[in-house]
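Trainee: Got query_12.cif for you, mmCIF, C-alpha atoms:
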```
data_query
#
loop_
_atom_site.label_atom_id
_atom_site.label_comp_id
_atom_site.auth_asym_id
_atom_site.auth_seq_id
_atom_site.Cartn_x
_atom_site.Cartn_y
_atom_site.Cartn_z
CA MET A 1 74.03 64.85 125.03
CA ARG A 2 71.41 67.51 124.34
CA HIS A 3 69.38 67.06 121.16
CA ASN A 4 69.88 69.55 118.33
CA LYS A 5 66.39 70.80 117.50
CA LEU A 6 67.26 72.33 114.14
CA ARG A 7 69.21 69.24 113.05
CA GLU A 8 66.23 67.04 113.91
CA LEU A 9 63.91 69.21 111.82
CA LEU A 10 66.28 69.17 108.86
CA ASN A 11 66.76 65.41 109.08
CA THR A 12 63.01 64.81 109.07
CA GLY A 13 62.19 67.34 106.37
CA GLN A 14 60.15 69.59 108.65
CA PRO A 15 59.99 73.41 108.52
CA SER A 16 61.67 75.63 111.10
CA VAL A 17 61.01 79.04 112.63
CA SER A 18 63.55 81.28 114.33
CA THR A 19 64.15 84.87 115.31
CA HIS A 20 67.24 87.09 115.55
CA VAL A 21 68.65 88.90 118.57
CA HIS A 22 71.49 91.40 118.94
CA SER A 23 71.36 91.12 122.71
CA THR A 24 73.07 88.40 124.72
CA TRP A 25 70.97 89.21 127.80
CA PRO A 26 69.60 85.80 128.88
CA SER A 27 66.23 87.31 129.84
CA VAL A 28 65.61 88.19 126.19
CA VAL A 29 66.30 84.57 125.26
CA GLU A 30 63.96 83.41 128.03
CA ALA A 31 61.21 85.74 126.80
CA ILE A 32 61.51 84.14 123.36
CA GLY A 33 61.56 80.65 124.83
CA HIS A 34 58.44 81.26 126.90
CA THR A 35 56.45 81.93 123.72
CA GLY A 36 56.94 78.31 122.67
CA MET A 37 56.91 79.45 119.05
CA TYR A 38 60.54 79.19 118.00
CA ASP A 39 62.70 76.21 117.12
CA TYR A 40 65.93 78.13 117.54
CA VAL A 41 67.15 81.62 118.33
CA GLU A 42 69.95 83.24 116.34
CA PHE A 43 72.48 85.53 117.97
CA VAL A 44 73.76 87.82 115.21
CA ALA A 45 77.26 88.13 116.62
CA GLU A 46 78.45 89.68 113.36
CA TYR A 47 76.65 92.87 114.36
CA ALA A 48 76.68 92.93 118.15
CA PRO A 49 79.20 93.26 120.99
CA PHE A 50 79.76 90.18 123.13
CA ASP A 51 82.29 88.29 125.20
CA LEU A 52 82.84 84.59 125.81
CA TYR A 53 80.99 84.68 129.13
CA ALA A 54 77.94 86.04 127.29
CA LEU A 55 77.96 83.11 124.86
CA ASP A 56 77.90 80.62 127.75
CA ASN A 57 75.02 82.43 129.45
CA PHE A 58 73.09 82.79 126.20
CA CYS A 59 73.15 79.03 125.69
CA ARG A 60 72.24 78.33 129.33
CA ALA A 61 69.04 80.31 128.74
CA VAL A 62 68.30 78.55 125.44
CA GLU A 63 68.62 75.16 127.12
CA LEU A 64 65.73 75.93 129.44
CA PHE A 65 63.43 75.42 126.45
CA ASP A 66 62.82 73.04 123.56
CA MET A 67 64.92 75.04 121.12
CA SER A 68 68.50 75.39 120.01
CA ALA A 69 70.88 78.27 119.34
CA MET A 70 72.50 79.55 116.14
CA ILE A 71 75.31 82.09 115.94
CA LYS A 72 76.09 84.26 112.93
CA ILE A 73 79.80 84.98 112.83
CA ASP A 74 82.15 87.31 111.01
CA GLN A 75 84.49 86.37 108.21
CA GLU A 76 87.44 86.48 110.62
CA PRO A 77 88.43 84.93 112.92
CA ARG A 78 85.85 82.37 111.83
CA ASN A 79 87.61 79.26 113.13
CA PHE A 80 88.07 80.69 116.61
CA LEU A 81 84.55 82.10 116.84
CA ALA A 82 82.87 78.95 115.52
CA GLN A 83 84.70 76.65 117.90
CA ARG A 84 84.24 78.84 120.98
CA ALA A 85 80.53 79.25 120.19
CA ILE A 86 80.06 75.50 119.79
CA GLY A 87 81.90 75.00 123.06
CA SER A 88 79.39 77.35 124.71
CA GLY A 89 76.46 75.30 123.43
CA PHE A 90 75.55 76.75 120.03
CA GLN A 91 74.39 73.93 117.78
CA SER A 92 74.25 75.86 114.51
CA VAL A 93 76.70 78.26 112.88
CA LEU A 94 75.82 80.74 110.13
CA PHE A 95 78.98 81.81 108.32
CA ALA A 96 79.02 85.27 106.75
CA ASP A 97 81.07 86.27 103.71
CA VAL A 98 81.61 82.85 102.16
CA ARG A 99 83.05 83.68 98.74
CA THR A 100 84.81 80.62 97.37
CA VAL A 101 84.84 76.84 97.49
CA GLU A 102 87.98 77.10 99.63
CA ASP A 103 86.07 79.33 102.10
CA ALA A 104 83.30 76.74 102.25
CA HIS A 105 85.73 73.93 103.02
CA GLU A 106 87.40 76.01 105.75
CA CYS A 107 84.06 76.73 107.42
CA VAL A 108 83.10 73.07 107.45
CA ARG A 109 86.50 72.03 108.81
CA ALA A 110 86.24 74.59 111.62
CA VAL A 111 83.07 72.87 112.85
CA ARG A 112 83.61 69.19 112.17
CA PRO A 113 85.66 66.93 114.47
CA GLU A 114 89.30 66.19 113.75
CA THR A 115 88.77 62.55 112.85
CA PRO A 116 89.91 60.66 109.72
CA GLU A 117 86.28 60.36 108.61
CA ALA A 118 85.18 63.99 109.14
CA GLY A 119 88.48 65.69 108.29
CA GLY A 120 87.74 68.68 110.49
CA TYR A 121 89.90 70.95 112.63
CA HIS A 122 87.81 70.72 115.80
CA GLY A 123 89.72 68.82 118.46
CA VAL A 124 88.99 68.05 122.10
CA ALA A 125 88.26 71.15 124.18
CA THR A 126 86.99 71.19 127.74
CA ARG A 127 84.52 74.03 127.31
CA ARG A 128 81.02 74.40 128.69
CA ALA A 129 79.47 71.84 126.32
CA THR A 130 82.15 69.25 127.13
CA TYR A 131 82.57 69.33 130.89
CA MET A 132 82.98 66.20 133.05
CA GLY A 133 84.58 63.82 130.55
CA TYR A 134 82.27 64.47 127.60
CA GLY A 135 85.03 65.97 125.46
CA GLY A 136 86.70 63.52 123.10
CA THR A 137 84.09 60.78 123.43
CA LYS A 138 82.01 59.29 120.64
CA ASP A 139 79.10 61.47 121.79
CA TYR A 140 81.34 64.52 121.45
CA VAL A 141 82.28 63.57 117.90
CA ASN A 142 78.63 62.91 117.05
CA ALA A 143 77.61 66.30 118.45
CA LEU A 144 80.19 68.09 116.28
CA ASN A 145 78.98 66.18 113.23
CA ASP A 146 75.43 67.25 114.08
CA VAL A 147 76.16 70.98 114.25
CA VAL A 148 74.15 72.69 111.50
CA ILE A 149 76.34 74.65 109.07
CA ALA A 150 74.68 77.47 107.14
CA PHE A 151 76.21 79.89 104.63
CA MET A 152 75.29 83.46 103.79
CA ILE A 153 75.05 83.76 100.01
CA GLU A 154 75.78 87.45 99.72
CA LYS A 155 78.76 88.21 97.46
CA LYS A 156 79.12 88.18 93.69
CA PRO A 157 81.95 85.59 93.69
CA THR A 158 79.68 83.32 95.75
CA ILE A 159 76.96 83.50 93.12
CA ASP A 160 79.47 82.77 90.37
CA ALA A 161 80.61 79.60 92.19
CA LEU A 162 77.30 78.69 93.84
CA PRO A 163 76.83 75.09 92.59
CA ASP A 164 80.39 74.20 93.57
CA ILE A 165 80.04 75.84 97.00
CA LEU A 166 76.78 74.03 97.72
CA SER A 167 78.41 70.75 96.64
CA VAL A 168 80.86 70.94 99.55
CA ASP A 169 80.06 68.08 101.92
CA GLY A 170 78.65 69.41 105.17
CA VAL A 171 76.69 72.44 103.97
CA ASP A 172 73.23 72.19 105.55
CA MET A 173 71.42 75.47 104.83
CA LEU A 174 71.78 78.71 102.90
CA GLN A 175 70.60 82.25 103.53
CA TRP A 176 70.41 84.97 100.88
CA GLY A 177 71.97 88.31 101.82
CA GLY A 178 70.57 90.87 99.43
CA ALA A 179 72.00 93.96 101.11
CA ASP A 180 75.58 92.70 100.94
CA PHE A 181 75.11 91.36 97.43
CA SER A 182 73.81 94.64 96.02
CA MET A 183 76.71 96.46 97.66
CA SER A 184 79.24 93.94 96.30
CA ILE A 185 78.16 94.69 92.73
CA GLY A 186 78.31 98.47 93.21
CA ARG A 187 74.59 99.01 93.76
CA PRO A 188 74.16 99.65 97.49
CA GLY A 189 70.57 99.91 98.70
CA GLU A 190 69.09 98.17 95.65
CA ARG A 191 68.44 94.74 97.17
CA TYR A 192 64.76 94.85 96.20
CA LYS A 193 65.28 95.79 92.55
CA ALA A 194 63.72 93.30 90.14
CA ASP A 195 66.97 91.97 88.68
CA ILE A 196 68.50 91.38 92.12
CA ARG A 197 65.33 89.68 93.36
CA SER A 198 65.67 87.43 90.30
CA ILE A 199 69.15 86.40 91.48
CA GLU A 200 67.69 85.67 94.92
CA ARG A 201 65.15 83.35 93.31
CA THR A 202 67.92 81.58 91.40
CA VAL A 203 69.83 81.07 94.68
CA ILE A 204 66.73 79.59 96.32
CA GLU A 205 65.98 77.35 93.36
CA THR A 206 69.60 76.15 93.24
CA GLY A 207 69.56 75.33 96.94
CA LEU A 208 66.34 73.35 96.63
CA LYS A 209 67.62 71.49 93.59
CA MET A 210 70.85 70.57 95.40
CA ASN A 211 69.10 69.60 98.66
CA VAL A 212 70.55 72.53 100.61
CA PRO A 213 67.45 74.06 102.21
CA PRO A 214 67.19 77.84 101.86
CA ARG A 215 66.04 80.00 104.75
CA ALA A 216 64.26 83.33 104.35
CA GLU A 217 64.66 86.28 106.70
CA ILE A 218 61.39 88.20 106.93
CA ASP A 219 60.05 91.17 108.90
CA SER A 220 56.38 90.14 109.01
CA VAL A 221 54.14 87.15 108.40
CA ASP A 222 52.88 88.85 105.23
CA ASP A 223 56.35 88.41 103.71
CA ALA A 224 56.23 84.63 104.07
CA LYS A 225 53.89 83.82 101.17
CA TYR A 226 56.36 84.98 98.52
CA TYR A 227 58.95 82.52 99.84
CA LEU A 228 56.49 79.73 100.54
CA ASP A 229 55.46 79.86 96.88
CA LEU A 230 59.12 79.40 95.94
CA GLY A 231 59.36 76.30 98.11
CA VAL A 232 61.08 77.80 101.17
CA ARG A 233 60.13 76.13 104.46
CA HIS A 234 62.65 77.68 106.86
CA PHE A 235 62.16 81.19 108.21
CA SER A 236 63.68 83.68 110.61
CA ILE A 237 61.31 86.48 111.53
CA GLY A 238 62.17 89.76 113.18
CA THR A 239 65.16 91.17 115.05
CA ASP A 240 65.01 92.43 118.61
CA ILE A 241 66.48 95.86 117.91
CA MET A 242 64.16 96.44 114.93
CA VAL A 243 61.09 95.32 116.90
CA LEU A 244 62.03 97.70 119.71
CA HIS A 245 62.66 100.60 117.36
CA LYS A 246 59.37 100.07 115.49
CA TRP A 247 57.32 99.91 118.71
CA MET A 248 59.04 102.95 120.21
CA LYS A 249 58.64 105.03 117.06
CA GLU A 250 55.01 104.16 116.36
CA ASN A 251 53.83 104.52 119.94
CA GLY A 252 55.96 107.58 120.62
CA GLU A 253 54.46 109.34 117.60
CA ALA A 254 50.94 108.28 118.55
CA LEU A 255 51.34 109.48 122.12
CA ARG A 256 52.74 112.85 121.03
CA LYS A 257 49.78 113.34 118.68
CA GLU A 258 47.40 112.46 121.49
CA ILE A 259 49.08 114.91 123.87
CA LEU A 260 49.52 117.76 121.39
CA GLY A 261 46.17 117.29 119.68
#
```
Would it be possible to restate this file's structure as structure tokens?

Mentor:
Amino acid sequence: MRHNKLRELLNTGQPSVSTHVHSTWPSVVEAIGHTGMYDYVEFVAEYAPFDLYALDNFCRAVELFDMSAMIKIDQEPRNFLAQRAIGSGFQSVLFADVRTVEDAHECVRAVRPETPEAGGYHGVATRRATYMGYGGTKDYVNALNDVVIAFMIEKKPTIDALPDILSVDGVDMLQWGGADFSMSIGRPGERYKADIRSIERTVIETGLKMNVPPRAEIDSVDDAKYYLDLGVRHFSIGTDIMVLHKWMKENGEALRKEILG
């Protein structure tokens, strides 16, 4: 059974660093792995096209390195996507659009094994992570119990029920989603307004108080200090498509200026 790097860091109270990718191309994953700087890589499947073969190959690339894989999945069909991703080798699932306590329970059940103790919906499945008799064993059950479950906190109903949602047994991490939240209250594009940033701080403080570690998504190292001062120790920095766009734009403009004078 392969160790779950993010779970180990959470269990020992250590910080974690990740990055996002929209691409399932294994070479991109390998490029990240070769840096030796990341504890896990997140495939933002909510935003990107993919098929089930791509999920298998993504995880094969991750497993070449001392890191694990997280997948961010859509609201529906969350049970199917979570279980197929775990079967491919993803060891963490970030659920988008969690709105209610009932949603939170459903997400946890989708991941956890169908045993009397865990009460999950995840049965035996001979997928990539369970080949050659691994499925259904005690190790299989332990691996499902070790999968890291993270929630996007990004809708107004979620904020209204936040303590109850974070009290659901099995919630391991939270991630603020300011863009979705501002849109859900009728103020699209205002995620950085002072009053909305205040709600973000409340979410972080609530997570820390309830022992559900918050993670911050940042674009540069300079952004980290704000969150470090709030007590955040888990970060995801950058997204492949944004990094590519920024480099292309800046260098394209610079080269045109150099050519045109």

Trainee: Could you check which of A:Phe43, A:Phe90, A:Phe65, A:Phe95 is closest to Pro77 in chain A, using only C-alpha atoms?

Mentor: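 Residue with the minimum atom-to-atom distance to Pro77 in chain A: A:Phe95.
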
Trainee: For the provided coordinates, the residues matched by the PyMOL selection byres ((chain A and resi 81) around 12) should be stated as number ranges by chain.

Mentor: A: 45-46, 50-52, 55, 71-80, 82-88, 90, 93-96, 107, 110-111, 122

Trainee: Any chance you can output those residues with C-alpha atoms as a JSON list (two decimals), keeping the file's coordinate frame?

Mentor:
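Final output, saved to result_9.json:
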```
[["chain", "number", "residue", "atom", "x", "y", "z"],
["A", 45, "ALA", "CA", 77.26, 88.13, 116.62],
["A", 46, "GLU", "CA", 78.45, 89.68, 113.36],
["A", 50, "PHE", "CA", 79.76, 90.18, 123.13],
["A", 51, "ASP", "CA", 82.29, 88.29, 125.20],
["A", 52, "LEU", "CA", 82.84, 84.59, 125.81],
["A", 55, "LEU", "CA", 77.96, 83.11, 124.86],
["A", 71, "ILE", "CA", 75.31, 82.09, 115.94],
["A", 72, "LYS", "CA", 76.09, 84.26, 112.93],
["A", 73, "ILE", "CA", 79.80, 84.98, 112.83],
["A", 74, "ASP", "CA", 82.15, 87.31, 111.01],
["A", 75, "GLN", "CA", 84.49, 86.37, 108.21],
["A", 76, "GLU", "CA", 87.44, 86.48, 110.62],
["A", 77, "PRO", "CA", 88.43, 84.93, 112.92],
["A", 78, "ARG", "CA", 85.85, 82.37, 111.83],
["A", 79, "ASN", "CA", 87.61, 79.26, 113.13],
["A", 80, "PHE", "CA", 88.07, 80.69, 116.61],
["A", 82, "ALA", "CA", 82.87, 78.95, 115.52],
["A", 83, "GLN", "CA", 84.70, 76.65, 117.90],
["A", 84, "ARG", "CA", 84.24, 78.84, 120.98],
["A", 85, "ALA", "CA", 80.53, 79.25, 120.19],
["A", 86, "ILE", "CA", 80.06, 75.50, 119.79],
["A", 87, "GLY", "CA", 81.90, 75.00, 123.06],
["A", 88, "SER", "CA", 79.39, 77.35, 124.71],
["A", 90, "PHE", "CA", 75.55, 76.75, 120.03],
["A", 93, "VAL", "CA", 76.70, 78.26, 112.88],
["A", 94, "LEU", "CA", 75.82, 80.74, 110.13],
["A", 95, "PHE", "CA", 78.98, 81.81, 108.32],
["A", 96, "ALA", "CA", 79.02, 85.27, 106.75],
["A", 107, "CYS", "CA", 84.06, 76.73, 107.42],
["A", 110, "ALA", "CA", 86.24, 74.59, 111.62],
["A", 111, "VAL", "CA", 83.07, 72.87, 112.85],
["A", 122, "HIS", "CA", 87.81, 70.72, 115.80]]
```

Trainee: Please expand the PyMOL selection byres ((chain A and resi 146) around 8) into the concrete residues it hits in this file, giving the result as number ranges by chain.

Mentor: A: 4, 7, 91, 142-145, 147-148

Trainee: Please expand the PyMOL selection byres ((chain A and resi 192-196) around 9) into the concrete residues it hits in this file, giving the result as number ranges by chain.

Mentor: A: 178-179, 181-182, 189-191, 197-201

Trainee: Report, in Å with one decimal, the straight-line distance from CA of Pro163 in chain A to CA of Arg233 in chain A.

Mentor: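 Taking CA of Pro163 in chain A as the start and CA of Arg233 in chain A as the end point, the length is 20.5 Å.
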
Trainee: Fewer than 2 positions away in the same chain doesn't count, so skip those; otherwise give me all residues within 10 Å of range 10-20 of chain A, counting only C-alpha atoms, as a PDB file with C-alpha atoms, in the frame of the given file.

Mentor:
```
ATOM      1  CA  LYS A   5      66.390  70.800 117.500  1.00  0.00           C
ATOM      2  CA  LEU A   6      67.260  72.330 114.140  1.00  0.00           C
ATOM      3  CA  ARG A   7      69.210  69.240 113.050  1.00  0.00           C
ATOM      4  CA  GLU A   8      66.230  67.040 113.910  1.00  0.00           C
ATOM      5  CA  HIS A  22      71.490  91.400 118.940  1.00  0.00           C
ATOM      6  CA  SER A  23      71.360  91.120 122.710  1.00  0.00           C
ATOM      7  CA  ILE A  32      61.510  84.140 123.360  1.00  0.00           C
ATOM      8  CA  MET A  37      56.910  79.450 119.050  1.00  0.00           C
ATOM      9  CA  TYR A  38      60.540  79.190 118.000  1.00  0.00           C
ATOM     10  CA  ASP A  39      62.700  76.210 117.120  1.00  0.00           C
ATOM     11  CA  TYR A  40      65.930  78.130 117.540  1.00  0.00           C
ATOM     12  CA  VAL A  41      67.150  81.620 118.330  1.00  0.00           C
ATOM     13  CA  GLU A  42      69.950  83.240 116.340  1.00  0.00           C
ATOM     14  CA  PHE A  43      72.480  85.530 117.970  1.00  0.00           C
ATOM     15  CA  VAL A  44      73.760  87.820 115.210  1.00  0.00           C
ATOM     16  CA  MET A  67      64.920  75.040 121.120  1.00  0.00           C
ATOM     17  CA  SER A  68      68.500  75.390 120.010  1.00  0.00           C
ATOM     18  CA  ALA A  69      70.880  78.270 119.340  1.00  0.00           C
ATOM     19  CA  MET A  70      72.500  79.550 116.140  1.00  0.00           C
ATOM     20  CA  ILE A  71      75.310  82.090 115.940  1.00  0.00           C
ATOM     21  CA  LYS A  72      76.090  84.260 112.930  1.00  0.00           C
ATOM     22  CA  VAL A 148      74.150  72.690 111.500  1.00  0.00           C
ATOM     23  CA  ASP A 172      73.230  72.190 105.550  1.00  0.00           C
ATOM     24  CA  MET A 173      71.420  75.470 104.830  1.00  0.00           C
ATOM     25  CA  VAL A 212      70.550  72.530 100.610  1.00  0.00           C
ATOM     26  CA  PRO A 213      67.450  74.060 102.210  1.00  0.00           C
ATOM     27  CA  ARG A 215      66.040  80.000 104.750  1.00  0.00           C
ATOM     28  CA  ALA A 216      64.260  83.330 104.350  1.00  0.00           C
ATOM     29  CA  GLU A 217      64.660  86.280 106.700  1.00  0.00           C
ATOM     30  CA  ILE A 218      61.390  88.200 106.930  1.00  0.00           C
ATOM     31  CA  ASP A 219      60.050  91.170 108.900  1.00  0.00           C
ATOM     32  CA  VAL A 232      61.080  77.800 101.170  1.00  0.00           C
ATOM     33  CA  ARG A 233      60.130  76.130 104.460  1.00  0.00           C
ATOM     34  CA  HIS A 234      62.650  77.680 106.860  1.00  0.00           C
ATOM     35  CA  PHE A 235      62.160  81.190 108.210  1.00  0.00           C
ATOM     36  CA  SER A 236      63.680  83.680 110.610  1.00  0.00           C
ATOM     37  CA  ILE A 237      61.310  86.480 111.530  1.00  0.00           C
ATOM     38  CA  GLY A 238      62.170  89.760 113.180  1.00  0.00           C
ATOM     39  CA  THR A 239      65.160  91.170 115.050  1.00  0.00           C
ATOM     40  CA  ASP A 240      65.010  92.430 118.610  1.00  0.00           C
ATOM     41  CA  ILE A 241      66.480  95.860 117.910  1.00  0.00           C
ATOM     42  CA  MET A 242      64.160  96.440 114.930  1.00  0.00           C
TER      43      MET A 242
END
```

Trainee: I need the residue nearest Ile153 in chain A from this list: A:Asp97, A:Glu114, A:Asp169, A:Glu205. Use all atoms listed in the file for the distance.

Mentor: A:Asp97

Trainee: Considering only C-alpha atoms, state which residue in the set A:Ile165, A:Ile159, A:Cys59, A:Val221 is at the smallest distance from Ser184 in chain A.

Mentor: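 Looking only at the distances to Ser184 in chain A, the closest residue turns out to be A:Ile159.
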
Trainee: Using all atoms listed in the file, which of A:Ala161, A:Ser220, A:Asp66, A:Gly170 sits nearest Thr35 in chain A?

Mentor: A:Asp66

Trainee: For Leu228 in chain A, which of A:Leu162, A:Ile204, A:Ile185, A:Val28 is the closest residue, counting all atoms listed in the file?

Mentor: A:Ile204

Trainee: Between CA of Val29 in chain A and CA of Gly89 in chain A, what is the spacing in Å?

Mentor: 13.9 Å

Trainee: Please write range 192-202 of chain A of the preceding block to a file containing all heavy atoms, as a compact mmCIF listing (two decimals), in the first residue's frame?

Mentor:
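After the write, part-v3.txt holds the following:
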```
# COMPACT_ATOMS: atom_id res chain seq x y z
N TYR A 192 -12.23 40.41 -3.32
CA TYR A 192 -11.19 41.06 -2.52
C TYR A 192 -11.70 42.29 -1.76
O TYR A 192 -10.90 43.00 -1.14
CB TYR A 192 -10.01 41.44 -3.40
CG TYR A 192 -9.31 40.24 -4.01
CD1 TYR A 192 -9.25 40.06 -5.38
CD2 TYR A 192 -8.73 39.26 -3.19
CE1 TYR A 192 -8.62 38.94 -5.94
CE2 TYR A 192 -8.11 38.15 -3.73
CZ TYR A 192 -8.06 37.99 -5.10
OH TYR A 192 -7.45 36.88 -5.65
N LYS A 193 -12.99 42.55 -1.79
CA LYS A 193 -13.54 43.64 -1.01
C LYS A 193 -13.37 43.34 0.48
O LYS A 193 -13.37 42.19 0.91
CB LYS A 193 -15.02 43.83 -1.34
CG LYS A 193 -15.30 44.29 -2.76
CD LYS A 193 -14.84 45.71 -3.00
CE LYS A 193 -15.24 46.19 -4.39
NZ LYS A 193 -14.84 47.60 -4.65
N ALA A 194 -13.24 44.41 1.26
CA ALA A 194 -12.89 44.26 2.68
C ALA A 194 -13.87 43.38 3.44
O ALA A 194 -13.47 42.55 4.26
CB ALA A 194 -12.79 45.64 3.33
N ASP A 195 -15.16 43.55 3.20
CA ASP A 195 -16.13 42.78 3.99
C ASP A 195 -16.10 41.29 3.62
O ASP A 195 -16.31 40.43 4.48
CB ASP A 195 -17.54 43.35 3.82
CG ASP A 195 -18.02 43.36 2.37
OD1 ASP A 195 -17.18 43.44 1.45
OD2 ASP A 195 -19.24 43.30 2.16
N ILE A 196 -15.80 40.98 2.36
CA ILE A 196 -15.71 39.58 1.96
C ILE A 196 -14.40 38.96 2.46
O ILE A 196 -14.37 37.80 2.89
CB ILE A 196 -15.86 39.44 0.43
CG1 ILE A 196 -17.29 39.85 0.04
CG2 ILE A 196 -15.57 38.01 -0.03
CD1 ILE A 196 -17.58 39.80 -1.43
N ARG A 197 -13.33 39.74 2.46
CA ARG A 197 -12.08 39.24 3.05
C ARG A 197 -12.27 38.97 4.55
O ARG A 197 -11.66 38.06 5.11
CB ARG A 197 -10.94 40.25 2.86
CG ARG A 197 -10.46 40.46 1.44
CD ARG A 197 -10.02 39.18 0.75
NE ARG A 197 -8.87 38.52 1.31
CZ ARG A 197 -7.60 38.74 0.95
NH1 ARG A 197 -7.31 39.67 0.04
NH2 ARG A 197 -6.62 38.04 1.47
N SER A 198 -13.13 39.75 5.19
CA SER A 198 -13.41 39.53 6.62
C SER A 198 -14.11 38.18 6.82
O SER A 198 -13.81 37.46 7.79
CB SER A 198 -14.30 40.65 7.16
OG SER A 198 -14.66 40.42 8.50
N ILE A 199 -15.00 37.81 5.90
CA ILE A 199 -15.66 36.50 5.99
C ILE A 199 -14.64 35.40 5.77
O ILE A 199 -14.67 34.36 6.45
CB ILE A 199 -16.80 36.43 4.96
CG1 ILE A 199 -17.89 37.44 5.33
CG2 ILE A 199 -17.38 35.01 4.90
CD1 ILE A 199 -18.96 37.60 4.27
N GLU A 200 -13.71 35.61 4.84
CA GLU A 200 -12.64 34.63 4.63
C GLU A 200 -11.86 34.41 5.92
O GLU A 200 -11.56 33.26 6.29
CB GLU A 200 -11.70 35.10 3.53
CG GLU A 200 -10.51 34.18 3.31
CD GLU A 200 -9.47 34.75 2.35
OE1 GLU A 200 -9.40 35.99 2.22
OE2 GLU A 200 -8.73 33.95 1.76
N ARG A 201 -11.53 35.47 6.61
CA ARG A 201 -10.79 35.34 7.87
C ARG A 201 -11.60 34.57 8.90
O ARG A 201 -11.05 33.74 9.64
CB ARG A 201 -10.39 36.72 8.40
CG ARG A 201 -9.31 37.42 7.58
CD ARG A 201 -8.74 38.61 8.31
NE ARG A 201 -9.72 39.66 8.52
CZ ARG A 201 -9.99 40.61 7.63
NH1 ARG A 201 -9.36 40.63 6.46
NH2 ARG A 201 -10.90 41.54 7.89
N THR A 202 -12.89 34.81 8.95
CA THR A 202 -13.76 34.08 9.88
C THR A 202 -13.76 32.59 9.56
O THR A 202 -13.72 31.73 10.46
CB THR A 202 -15.19 34.63 9.83
OG1 THR A 202 -15.18 36.00 10.24
CG2 THR A 202 -16.11 33.84 10.74
```
